[in-house]
$ cat query_8.cif   # mmCIF, C-alpha atoms and all ligand atoms
data_final
#
loop_
_atom_site.group_PDB
_atom_site.id
_atom_site.type_symbol
_atom_site.label_atom_id
_atom_site.label_comp_id
_atom_site.auth_asym_id
_atom_site.auth_seq_id
_atom_site.Cartn_x
_atom_site.Cartn_y
_atom_site.Cartn_z
ATOM 1 C CA MET A 1 13.624 -7.565 -4.208
ATOM 2 C CA SER A 2 14.854 -10.885 -2.946
ATOM 3 C CA SER A 3 12.491 -12.857 -0.747
ATOM 4 C CA THR A 4 15.171 -14.885 1.013
ATOM 5 C CA SER A 5 18.344 -12.901 1.706
ATOM 6 C CA ASN A 6 18.664 -10.704 4.745
ATOM 7 C CA LYS A 7 18.870 -7.032 3.976
ATOM 8 C CA THR A 8 19.398 -3.735 5.737
ATOM 9 C CA ILE A 9 16.341 -1.575 6.189
ATOM 10 C CA ALA A 10 16.255 2.021 7.451
ATOM 11 C CA PHE A 11 13.394 3.012 9.745
ATOM 12 C CA PHE A 12 11.998 6.442 10.540
ATOM 13 C CA GLY A 13 9.336 6.884 13.233
ATOM 14 C CA ALA A 14 10.084 3.487 14.771
ATOM 15 C CA THR A 15 9.004 4.544 18.263
ATOM 16 C CA GLY A 16 5.507 4.786 16.744
ATOM 17 C CA GLY A 17 3.280 1.712 16.658
ATOM 18 C CA CYS A 18 3.263 0.691 12.964
ATOM 19 C CA ALA A 19 6.965 1.156 12.217
ATOM 20 C CA ASN A 20 7.970 -0.304 15.589
ATOM 21 C CA ALA A 21 6.057 -3.509 14.897
ATOM 22 C CA CYS A 22 7.599 -3.701 11.411
ATOM 23 C CA LEU A 23 11.112 -3.174 12.820
ATOM 24 C CA ALA A 24 10.571 -5.837 15.504
ATOM 25 C CA TYR A 25 9.407 -8.369 12.871
ATOM 26 C CA ALA A 26 12.389 -7.511 10.661
ATOM 27 C CA LEU A 27 14.966 -7.854 13.472
ATOM 28 C CA ASN A 28 13.426 -11.118 14.701
ATOM 29 C CA ALA A 29 13.660 -12.461 11.135
ATOM 30 C CA GLY A 30 17.424 -11.763 11.057
ATOM 31 C CA HIS A 31 17.466 -8.573 8.989
ATOM 32 C CA HIS A 32 19.803 -5.711 9.804
ATOM 33 C CA ALA A 33 18.328 -2.277 10.427
ATOM 34 C CA THR A 34 19.206 1.321 11.038
ATOM 35 C CA ALA A 35 16.762 3.593 12.840
ATOM 36 C CA LEU A 36 16.662 7.319 13.400
ATOM 37 C CA ALA A 37 15.209 8.200 16.803
ATOM 38 C CA ARG A 38 14.964 11.409 18.782
ATOM 39 C CA THR A 39 15.167 9.384 22.004
ATOM 40 C CA PRO A 40 17.135 6.159 21.423
ATOM 41 C CA PRO A 41 16.373 4.631 24.887
ATOM 42 C CA LYS A 42 12.631 4.894 24.060
ATOM 43 C CA LEU A 43 13.245 2.813 20.931
ATOM 44 C CA THR A 44 15.389 0.148 22.605
ATOM 45 C CA SER A 45 13.000 -0.300 25.520
ATOM 46 C CA LYS A 46 10.063 -0.666 23.101
ATOM 47 C CA LEU A 47 11.946 -3.283 21.064
ATOM 48 C CA LEU A 48 12.956 -5.234 24.176
ATOM 49 C CA ALA A 49 9.294 -5.184 25.261
ATOM 50 C CA GLN A 50 8.415 -6.594 21.806
ATOM 51 C CA GLY A 51 10.638 -9.612 22.557
ATOM 52 C CA VAL A 52 13.652 -8.575 20.474
ATOM 53 C CA SER A 53 16.743 -9.794 22.343
ATOM 54 C CA GLN A 54 19.507 -7.518 23.593
ATOM 55 C CA THR A 55 21.955 -9.558 21.477
ATOM 56 C CA THR A 56 19.921 -8.853 18.322
ATOM 57 C CA LEU A 57 19.789 -5.153 19.178
ATOM 58 C CA ASP A 58 23.561 -5.132 19.725
ATOM 59 C CA THR A 59 24.415 -6.951 16.497
ATOM 60 C CA ASN A 60 21.674 -6.070 14.002
ATOM 61 C CA LEU A 61 20.487 -2.558 14.824
ATOM 62 C CA ARG A 62 22.302 0.765 14.470
ATOM 63 C CA ILE A 63 20.447 3.666 16.064
ATOM 64 C CA ILE A 64 21.131 7.220 14.963
ATOM 65 C CA LYS A 65 20.051 9.878 17.439
ATOM 66 C CA GLY A 66 18.519 12.790 15.630
ATOM 67 C CA ASP A 67 15.629 14.566 14.030
ATOM 68 C CA ALA A 68 14.104 13.382 10.743
ATOM 69 C CA THR A 69 14.113 16.941 9.354
ATOM 70 C CA ASP A 70 17.916 17.032 9.673
ATOM 71 C CA VAL A 71 19.399 16.030 6.297
ATOM 72 C CA ALA A 72 22.768 14.992 7.812
ATOM 73 C CA ALA A 73 21.066 12.656 10.296
ATOM 74 C CA VAL A 74 18.911 11.184 7.514
ATOM 75 C CA LYS A 75 22.016 10.580 5.367
ATOM 76 C CA SER A 76 23.673 8.700 8.252
ATOM 77 C CA THR A 77 20.572 6.550 8.598
ATOM 78 C CA ILE A 78 20.370 5.458 4.963
ATOM 79 C CA LEU A 79 24.099 5.151 4.146
ATOM 80 C CA LEU A 80 26.018 1.948 4.932
ATOM 81 C CA GLY A 81 29.766 1.568 4.835
ATOM 82 C CA ASP A 82 32.030 4.641 4.714
ATOM 83 C CA GLY A 83 32.462 4.496 8.489
ATOM 84 C CA ASN A 84 28.711 4.468 9.157
ATOM 85 C CA ASP A 85 28.266 0.734 9.383
ATOM 86 C CA ASN A 86 30.730 -2.157 9.376
ATOM 87 C CA GLY A 87 33.156 -0.491 7.003
ATOM 88 C CA GLY A 88 33.340 -1.482 3.340
ATOM 89 C CA SER A 89 32.360 0.627 0.383
ATOM 90 C CA PRO A 90 29.429 2.989 0.668
ATOM 91 C CA ALA A 91 26.018 1.561 -0.184
ATOM 92 C CA LEU A 92 22.460 2.544 0.500
ATOM 93 C CA VAL A 93 20.028 0.512 2.569
ATOM 94 C CA ALA A 94 17.842 -1.802 0.471
ATOM 95 C CA SER A 95 14.598 -0.440 1.860
ATOM 96 C CA ILE A 96 13.312 2.548 3.834
ATOM 97 C CA VAL A 97 10.194 2.403 6.024
ATOM 98 C CA SER A 98 8.728 5.625 7.393
ATOM 99 C CA GLY A 99 5.950 5.808 9.959
ATOM 100 C CA LEU A 100 6.666 9.417 10.912
ATOM 101 C CA GLY A 101 3.787 11.500 12.203
ATOM 102 C CA GLY A 102 3.117 14.485 14.439
ATOM 103 C CA THR A 103 1.999 14.427 18.061
ATOM 104 C CA PRO A 104 -1.736 15.223 18.089
ATOM 105 C CA SER A 105 -3.751 17.237 20.581
ATOM 106 C CA LEU A 106 -7.320 18.478 20.436
ATOM 107 C CA GLU A 107 -8.027 22.029 19.253
ATOM 108 C CA THR A 108 -11.375 23.315 20.529
ATOM 109 C CA ARG A 109 -10.933 27.095 20.932
ATOM 110 C CA LYS A 110 -13.216 29.137 18.626
ATOM 111 C CA LEU A 111 -14.245 25.971 16.775
ATOM 112 C CA ILE A 112 -17.757 24.508 16.628
ATOM 113 C CA ILE A 113 -16.326 21.132 15.734
ATOM 114 C CA PRO A 114 -13.029 20.268 17.439
ATOM 115 C CA ARG A 115 -10.140 19.124 15.267
ATOM 116 C CA PHE A 116 -6.714 17.613 15.667
ATOM 117 C CA LYS A 117 -3.845 19.997 16.161
ATOM 118 C CA LEU A 118 -0.344 18.686 15.471
ATOM 119 C CA ASP A 119 2.890 19.799 17.150
ATOM 120 C CA ASN A 120 4.169 20.103 13.561
ATOM 121 C CA PRO A 121 1.396 20.155 10.906
ATOM 122 C CA HIS A 122 4.057 19.786 8.171
ATOM 123 C CA ILE A 123 5.922 16.844 9.693
ATOM 124 C CA THR A 124 5.543 14.261 6.908
ATOM 125 C CA GLU A 125 6.070 16.891 4.200
ATOM 126 C CA GLU A 126 9.234 18.280 5.855
ATOM 127 C CA THR A 127 10.720 14.879 6.647
ATOM 128 C CA THR A 128 10.046 13.660 3.098
ATOM 129 C CA GLU A 129 11.809 16.751 1.762
ATOM 130 C CA ALA A 130 14.760 15.961 4.051
ATOM 131 C CA LEU A 131 14.864 12.368 2.764
ATOM 132 C CA LEU A 132 14.775 13.526 -0.875
ATOM 133 C CA SER A 133 17.594 16.031 -0.211
ATOM 134 C CA ALA A 134 19.628 13.350 1.586
ATOM 135 C CA LEU A 135 19.308 10.989 -1.375
ATOM 136 C CA ARG A 136 20.169 13.664 -3.937
ATOM 137 C CA GLU A 137 23.278 14.626 -1.935
ATOM 138 C CA LEU A 138 24.373 10.991 -1.559
ATOM 139 C CA TYR A 139 23.900 10.228 -5.272
ATOM 140 C CA ALA A 140 26.028 13.312 -6.071
ATOM 141 C CA GLN A 141 28.653 12.471 -3.431
ATOM 142 C CA TYR A 142 28.938 8.767 -4.384
ATOM 143 C CA PRO A 143 28.222 8.444 -8.132
ATOM 144 C CA ASP A 144 29.207 4.750 -7.956
ATOM 145 C CA LEU A 145 26.406 3.773 -5.570
ATOM 146 C CA LEU A 146 24.967 0.590 -7.020
ATOM 147 C CA ASN A 147 21.517 0.461 -5.501
ATOM 148 C CA LYS A 148 18.512 2.684 -4.994
ATOM 149 C CA PRO A 149 16.268 1.862 -2.024
ATOM 150 C CA VAL A 150 12.586 0.945 -2.031
ATOM 151 C CA LEU A 151 10.583 3.509 -0.043
ATOM 152 C CA THR A 152 7.489 2.624 1.983
ATOM 153 C CA VAL A 153 5.664 5.520 3.658
ATOM 154 C CA ILE A 154 2.639 5.337 5.920
ATOM 155 C CA SER A 155 0.004 7.798 4.772
ATOM 156 C CA THR A 156 -3.736 7.502 5.418
ATOM 157 C CA THR A 157 -7.058 6.831 3.778
ATOM 158 C CA GLY A 158 -9.179 9.907 3.049
ATOM 159 C CA VAL A 159 -6.647 11.697 0.851
ATOM 160 C CA THR A 160 -7.758 10.415 -2.540
ATOM 161 C CA LYS A 161 -7.766 12.894 -5.420
ATOM 162 C CA GLN A 162 -10.929 14.026 -7.203
ATOM 163 C CA GLY A 163 -12.159 11.438 -9.661
ATOM 164 C CA GLN A 164 -10.627 8.496 -7.748
ATOM 165 C CA PRO A 165 -12.921 6.026 -5.918
ATOM 166 C CA LYS A 166 -13.428 7.032 -2.260
ATOM 167 C CA ASP A 167 -11.603 4.897 0.319
ATOM 168 C CA VAL A 168 -13.554 6.059 3.406
ATOM 169 C CA PRO A 169 -16.989 4.625 4.333
ATOM 170 C CA LEU A 170 -19.842 7.144 4.124
ATOM 171 C CA LEU A 171 -20.305 7.242 7.917
ATOM 172 C CA LEU A 172 -16.711 8.298 8.547
ATOM 173 C CA ARG A 173 -16.513 11.014 5.874
ATOM 174 C CA PRO A 174 -17.705 13.950 8.047
ATOM 175 C CA LEU A 175 -15.081 13.038 10.652
ATOM 176 C CA TYR A 176 -12.352 12.878 8.023
ATOM 177 C CA ARG A 177 -13.408 16.185 6.406
ATOM 178 C CA THR A 178 -13.374 18.185 9.630
ATOM 179 C CA PHE A 179 -11.562 16.604 12.512
ATOM 180 C CA LEU A 180 -8.641 15.148 10.546
ATOM 181 C CA GLN A 181 -8.119 17.888 7.993
ATOM 182 C CA LEU A 182 -4.682 19.076 9.220
ATOM 183 C CA PRO A 183 -2.840 15.737 9.303
ATOM 184 C CA HIS A 184 -4.473 14.770 6.008
ATOM 185 C CA ASP A 185 -3.336 17.944 4.220
ATOM 186 C CA ASP A 186 0.182 17.073 5.371
ATOM 187 C CA LYS A 187 -0.156 13.489 4.079
ATOM 188 C CA ARG A 188 -1.381 14.772 0.691
ATOM 189 C CA ARG A 189 1.740 16.931 0.370
ATOM 190 C CA MET A 190 3.913 13.962 1.377
ATOM 191 C CA GLU A 191 2.267 11.695 -1.211
ATOM 192 C CA ASP A 192 2.741 14.327 -3.927
ATOM 193 C CA LEU A 193 6.453 14.649 -3.069
ATOM 194 C CA VAL A 194 6.931 10.865 -3.163
ATOM 195 C CA SER A 195 5.043 10.534 -6.452
ATOM 196 C CA ALA A 196 7.027 13.366 -8.059
ATOM 197 C CA ASN A 197 10.402 11.904 -7.082
ATOM 198 C CA GLN A 198 10.086 8.250 -8.067
ATOM 199 C CA ASP A 199 13.432 8.437 -9.895
ATOM 200 C CA LEU A 200 15.288 8.590 -6.550
ATOM 201 C CA PHE A 201 14.027 5.123 -5.557
ATOM 202 C CA SER A 202 13.874 1.674 -7.086
ATOM 203 C CA GLY A 203 10.207 1.733 -6.148
ATOM 204 C CA THR A 204 7.772 3.372 -3.745
ATOM 205 C CA VAL A 205 4.823 2.002 -1.787
ATOM 206 C CA ILE A 206 2.346 4.431 -0.233
ATOM 207 C CA VAL A 207 0.437 2.641 2.535
ATOM 208 C CA ARG A 208 -2.951 4.127 3.411
ATOM 209 C CA PRO A 209 -4.346 2.572 6.600
ATOM 210 C CA THR A 210 -7.815 3.338 7.940
ATOM 211 C CA LEU A 211 -8.090 4.548 11.562
ATOM 212 C CA LEU A 212 -5.327 2.957 13.648
ATOM 213 C CA ALA A 213 -5.976 0.889 16.771
ATOM 214 C CA GLY A 214 -3.716 -0.560 19.479
ATOM 215 C CA ASP A 215 -0.134 0.274 20.360
ATOM 216 C CA GLY A 216 1.769 -1.837 17.848
ATOM 217 C CA SER A 217 2.664 -4.636 20.259
ATOM 218 C CA LEU A 218 3.311 -7.924 18.445
ATOM 219 C CA THR A 219 0.978 -9.752 20.848
ATOM 220 C CA SER A 220 -1.974 -7.788 19.426
ATOM 221 C CA ALA A 221 -1.413 -8.938 15.816
ATOM 222 C CA LYS A 222 -4.574 -10.283 14.234
ATOM 223 C CA GLY A 223 -2.669 -11.636 11.234
ATOM 224 C CA LEU A 224 -2.690 -10.968 7.508
ATOM 225 C CA GLN A 225 -5.735 -13.203 7.026
ATOM 226 C CA HIS A 226 -7.696 -10.399 8.760
ATOM 227 C CA VAL A 227 -6.228 -7.606 6.641
ATOM 228 C CA ARG A 228 -8.142 -6.395 3.583
ATOM 229 C CA VAL A 229 -5.950 -4.766 0.967
ATOM 230 C CA GLY A 230 -7.005 -2.378 -1.807
ATOM 231 C CA THR A 231 -5.426 -0.141 -4.402
ATOM 232 C CA GLU A 232 -6.250 3.365 -5.604
ATOM 233 C CA SER A 233 -8.587 2.071 -8.310
ATOM 234 C CA LYS A 234 -10.198 -0.508 -6.002
ATOM 235 C CA PRO A 235 -9.744 0.606 -2.381
ATOM 236 C CA ALA A 236 -10.499 -1.591 0.644
ATOM 237 C CA LEU A 237 -13.294 0.163 2.584
ATOM 238 C CA GLY A 238 -13.243 -0.252 6.353
ATOM 239 C CA TYR A 239 -13.113 1.443 9.725
ATOM 240 C CA GLN A 240 -9.924 0.432 11.494
ATOM 241 C CA ILE A 241 -6.842 -1.744 11.580
ATOM 242 C CA THR A 242 -4.303 -2.432 14.318
ATOM 243 C CA LYS A 243 -0.932 -0.714 14.092
ATOM 244 C CA THR A 244 0.616 -4.163 14.494
ATOM 245 C CA ASP A 245 -1.111 -5.474 11.375
ATOM 246 C CA VAL A 246 0.036 -2.449 9.359
ATOM 247 C CA GLY A 247 3.630 -3.202 10.452
ATOM 248 C CA LEU A 248 3.118 -6.892 9.726
ATOM 249 C CA TRP A 249 1.780 -6.181 6.214
ATOM 250 C CA ILE A 250 4.766 -3.980 5.357
ATOM 251 C CA PHE A 251 7.143 -6.595 6.758
ATOM 252 C CA GLU A 252 5.562 -9.561 4.959
ATOM 253 C CA GLU A 253 4.745 -7.881 1.657
ATOM 254 C CA VAL A 254 7.518 -5.347 1.096
ATOM 255 C CA ILE A 255 10.497 -6.501 3.178
ATOM 256 C CA GLN A 256 10.216 -10.253 3.466
ATOM 257 C CA GLY A 257 8.164 -11.129 0.429
ATOM 258 C CA ASP A 258 8.422 -10.127 -3.180
ATOM 259 C CA GLY A 259 6.780 -6.699 -2.991
ATOM 260 C CA GLN A 260 7.108 -5.975 -6.700
ATOM 261 C CA LYS A 261 3.358 -5.932 -7.227
ATOM 262 C CA TRP A 262 2.918 -3.049 -4.742
ATOM 263 C CA LEU A 263 5.586 -0.762 -6.203
ATOM 264 C CA GLY A 264 4.146 2.529 -7.441
ATOM 265 C CA LYS A 265 0.840 1.765 -5.720
ATOM 266 C CA LYS A 266 -1.233 3.494 -3.037
ATOM 267 C CA VAL A 267 -2.329 0.570 -0.904
ATOM 268 C CA SER A 268 -5.333 0.898 1.412
ATOM 269 C CA LEU A 269 -5.273 -1.404 4.451
ATOM 270 C CA THR A 270 -8.144 -2.200 6.817
ATOM 271 C CA SER A 271 -9.418 -5.111 8.861
HETATM 272 N N1 LIG B 1 -4.087 7.581 14.187
HETATM 273 C C1 LIG B 1 -4.718 7.146 13.128
HETATM 274 O O1 LIG B 1 -5.889 6.718 13.209
HETATM 275 C C2 LIG B 1 -4.017 7.140 11.800
HETATM 276 C C3 LIG B 1 -4.712 6.679 10.676
HETATM 277 C C4 LIG B 1 -4.031 6.607 9.458
HETATM 278 C C5 LIG B 1 -2.696 7.008 9.375
HETATM 279 N N2 LIG B 1 -2.052 7.494 10.485
HETATM 280 C C6 LIG B 1 -0.629 7.870 10.326
HETATM 281 O O2 LIG B 1 0.144 6.674 10.365
HETATM 282 C C7 LIG B 1 1.507 7.009 10.698
HETATM 283 C C8 LIG B 1 2.020 6.025 11.758
HETATM 284 O O3 LIG B 1 1.257 6.183 12.938
HETATM 285 P P1 LIG B 1 1.703 5.451 14.301
HETATM 286 O O4 LIG B 1 0.543 5.638 15.225
HETATM 287 O O5 LIG B 1 2.245 4.121 14.000
HETATM 288 O O6 LIG B 1 2.942 6.314 14.773
HETATM 289 P P2 LIG B 1 2.955 7.601 15.770
HETATM 290 O O7 LIG B 1 2.590 7.151 17.130
HETATM 291 O O8 LIG B 1 2.195 8.699 15.119
HETATM 292 O O9 LIG B 1 4.537 7.892 15.793
HETATM 293 C C9 LIG B 1 5.098 8.927 15.075
HETATM 294 C C10 LIG B 1 6.596 8.689 15.018
HETATM 295 O O10 LIG B 1 7.217 9.801 14.372
HETATM 296 C C11 LIG B 1 8.335 10.185 15.165
HETATM 297 N N3 LIG B 1 8.649 11.587 14.920
HETATM 298 C C12 LIG B 1 7.807 12.642 14.865
HETATM 299 N N4 LIG B 1 8.471 13.762 14.571
HETATM 300 C C13 LIG B 1 9.776 13.402 14.407
HETATM 301 C C14 LIG B 1 10.958 14.091 14.077
HETATM 302 N N5 LIG B 1 10.939 15.427 13.829
HETATM 303 N N6 LIG B 1 12.120 13.410 14.012
HETATM 304 C C15 LIG B 1 12.156 12.086 14.258
HETATM 305 N N7 LIG B 1 11.072 11.363 14.571
HETATM 306 C C16 LIG B 1 9.903 12.018 14.647
HETATM 307 C C17 LIG B 1 7.905 9.918 16.587
HETATM 308 O O11 LIG B 1 9.046 9.896 17.411
HETATM 309 P P3 LIG B 1 9.023 10.314 18.986
HETATM 310 O O12 LIG B 1 8.840 9.014 19.724
HETATM 311 O O13 LIG B 1 10.346 10.914 19.180
HETATM 312 O O14 LIG B 1 7.872 11.268 19.189
HETATM 313 C C18 LIG B 1 7.263 8.550 16.382
HETATM 314 O O15 LIG B 1 8.267 7.562 16.290
HETATM 315 C C19 LIG B 1 1.485 8.455 11.160
HETATM 316 O O16 LIG B 1 1.936 9.275 10.109
HETATM 317 C C20 LIG B 1 0.006 8.712 11.404
HETATM 318 O O17 LIG B 1 -0.329 10.072 11.208
HETATM 319 C C21 LIG B 1 -2.678 7.552 11.678
#

$ encode --input "query_8.cif" --output "structure tokens"
Amino acid sequence: MSSTSNKTIAFFGATGGCANACLAYALNAGHHATALARTPPKLTSKLLAQGVSQTTLDTNLRIIKGDATDVAAVKSTILLGDGNDNGGSPALVASIVSGLGGTPSLETRKLIIPRFKLDNPHITEETTEALLSALRELYAQYPDLLNKPVLTVISTTGVTKQGQPKDVPLLLRPLYRTFLQLPHDDKRRMEDLVSANQDLFSGTVIVRPTLLAGDGSLTSAKGLQHVRVGTESKPALGYQITKTDVGLWIFEEVIQGDGQKWLGKKVSLTS
């Protein structure tokens, strides 16, 4: 990964706080991006509110309207050239950032302890399967594709496997075990799919933030000096981190900087 040249990055879930902040940083730094959105005007108004100019949106961002479970829409988002972008020969984006997640509501009926219900409890699993299918189809369709993208997915703490050091403080563990069980089962399945399909990417980074705070607006960034970073063998234990700082970390470490040292890692982030 080059640390200086501008590249094209594909975003999924960019109307959500973490990925939106990351996309805004990337566009403001001069990178080109594609973004899949169910409601494109929601994405553009969020980016304008982040201080990204209309000119930058017009020149550096291609928005694909669609659903992230739709393989054809995913292929359009990650393929450049071949009529999708500015012409030229087909190529894949250099990097993919996914902050996809379900819409939560509280389930209380017949439960002693309430828990999160998701509009789709398989959202990150299904969208990862769609991404893997899209890549397999594109590699088959264009055998001359020169590059494989780096994939960064936003997962969560609290999904470590047995035998690995715990990445959730003792006080939070009951909450994680009960309340957050559904989204975490989905994240486990997503992580397993990513780990089992490394060959489709030039590298993968699984980001595991603690509880998320804020709305992802760039004005609420605390800065990387306030972010503690851990790995699977030595996780960073903490309670919360702003969505903005998660987006900032991905931007600085994986997109802008030389993210080689994070490839293949499960990176815990907290403040
Ligand atoms: N909340 C926490 O404390 C916490 C802690 C750790 C990790 N996480 C995880 O971190 C990730 C990022 O969270 P966030 O708060 O930044 O984002 P978020 O608000 O959860 O946003 C989710 C994004 O996914 C999109 N999306 C959902 N289903 C889609 C579909 N079928 N097709 C296309 N787009 C779809 C949403 O688009 P629309 O605008 O169209 O709905 C939105 O852009 C999520 O996976 C979340 O579960 C959360």

$ resolve_selection --input "query_8.cif" --expression "the PyMOL selection byres (((chain A and resi 106) around 9) and not hetatm)" --output "MDAnalysis selection string"
chainID A and resid 104:105 107:108 114:118

$ residues_near_ligand --input "query_8.cif" --ligand "ligand LIG 1 (chain B)" --cutoff "7 Å" --atoms "all atoms listed in the file" --output "short mmCIF file (atom, residue, chain, number, x, y, z; two decimals) with C-alpha atoms, in the frame of the given file"
data_model
loop_
_atom_site.label_atom_id
_atom_site.label_comp_id
_atom_site.auth_asym_id
_atom_site.auth_seq_id
_atom_site.Cartn_x
_atom_site.Cartn_y
_atom_site.Cartn_z
CA PHE A 12 12.00 6.44 10.54
CA GLY A 13 9.34 6.88 13.23
CA ALA A 14 10.08 3.49 14.77
CA THR A 15 9.00 4.54 18.26
CA GLY A 16 5.51 4.79 16.74
CA GLY A 17 3.28 1.71 16.66
CA CYS A 18 3.26 0.69 12.96
CA ALA A 19 6.96 1.16 12.22
CA LEU A 36 16.66 7.32 13.40
CA ALA A 37 15.21 8.20 16.80
CA ARG A 38 14.96 11.41 18.78
CA THR A 39 15.17 9.38 22.00
CA GLY A 66 18.52 12.79 15.63
CA ASP A 67 15.63 14.57 14.03
CA ALA A 68 14.10 13.38 10.74
CA THR A 69 14.11 16.94 9.35
CA GLY A 99 5.95 5.81 9.96
CA LEU A 100 6.67 9.42 10.91
CA GLY A 101 3.79 11.50 12.20
CA GLY A 102 3.12 14.48 14.44
CA THR A 103 2.00 14.43 18.06
CA ILE A 123 5.92 16.84 9.69
CA THR A 124 5.54 14.26 6.91
CA ILE A 154 2.64 5.34 5.92
CA SER A 155 0.00 7.80 4.77
CA THR A 156 -3.74 7.50 5.42
CA THR A 157 -7.06 6.83 3.78
CA PRO A 183 -2.84 15.74 9.30
CA ARG A 208 -2.95 4.13 3.41
CA PRO A 209 -4.35 2.57 6.60
CA THR A 210 -7.82 3.34 7.94
CA LEU A 211 -8.09 4.55 11.56
CA LEU A 212 -5.33 2.96 13.65
CA ALA A 213 -5.98 0.89 16.77
CA LYS A 243 -0.93 -0.71 14.09
#

$ axis_aligned_box --input "query_8.cif" --around "stretch 109-120 of chain A" --padding-each-side "4 Å" --output "AutoDock Vina command-line options"
--center_x -6.8 --center_y 23.4 --center_z 17.2 --size_x 29.9 --size_y 19.5 --size_z 15.4

$ atom_distance --input "query_8.cif" --atom1 "atom CA of A:Val227" --atom2 "atom CA of A:Asp245"
7.3 Å

$ residues_around --input "query_8.cif" --residues "A:Gln256" --least-positions-apart "4" --cutoff "12 Å" --atoms "only C-alpha atoms" --output "list in words"
Met1, Ser2, Ser3, Thr4, Ser5, Asn6, Lys7, Thr8, Ile9, Cys22, Leu23, Tyr25, Ala26, Leu27, Asn28, Ala29, Gly30, His31, Ala94, Ser95, Gly247, Leu248, Trp249, Ile250, Phe251, Glu252 and Gln260 of chain A

$ resolve_selection --input "query_8.cif" --expression "the PyMOL selection byres (((chain A and resi 158-172) around 8) and not hetatm)" --output "list of chain:residue names"
A:Thr156, A:Thr157, A:Arg173, A:Pro174, A:Leu175, A:Tyr176, A:His184, A:Asp185, A:Lys187, A:Arg188, A:Thr210, A:Glu232, A:Ser233, A:Lys234, A:Pro235, A:Ala236, A:Leu237, A:Gly238, A:Tyr239, A:Ser268

$ residues_around --input "query_8.cif" --residues "stretch 127-142 of chain A" --least-positions-apart "4" --cutoff "8 Å" --atoms "only C-alpha atoms" --output "PyMOL selection string"
chain A and resi 68-72+74-75+90+123+190+193-194+197+200

$ atom_distance --input "query_8.cif" --atom1 "atom CA of A:Thr178" --atom2 "atom CA of A:Ile113"
7.4 Å

$ atom_distance --input "query_8.cif" --atom1 "atom CA of A:Asp199" --atom2 "atom CA of A:Ala35"
23.5 Å

$ residues_near_point --input "query_8.cif" --point "(23.0, 2.7, 16.8)" --cutoff "10 Å" --atoms "only C-alpha atoms" --output "ChimeraX atom specification"
/A:33-37,40,44,57-65,77,84-85

$ closest_residue --input "query_8.cif" --among "A:Val150, A:Ile112, A:Val52, A:Ala21" --to "A:Phe179" --atoms "all atoms listed in the file"
A:Ile112
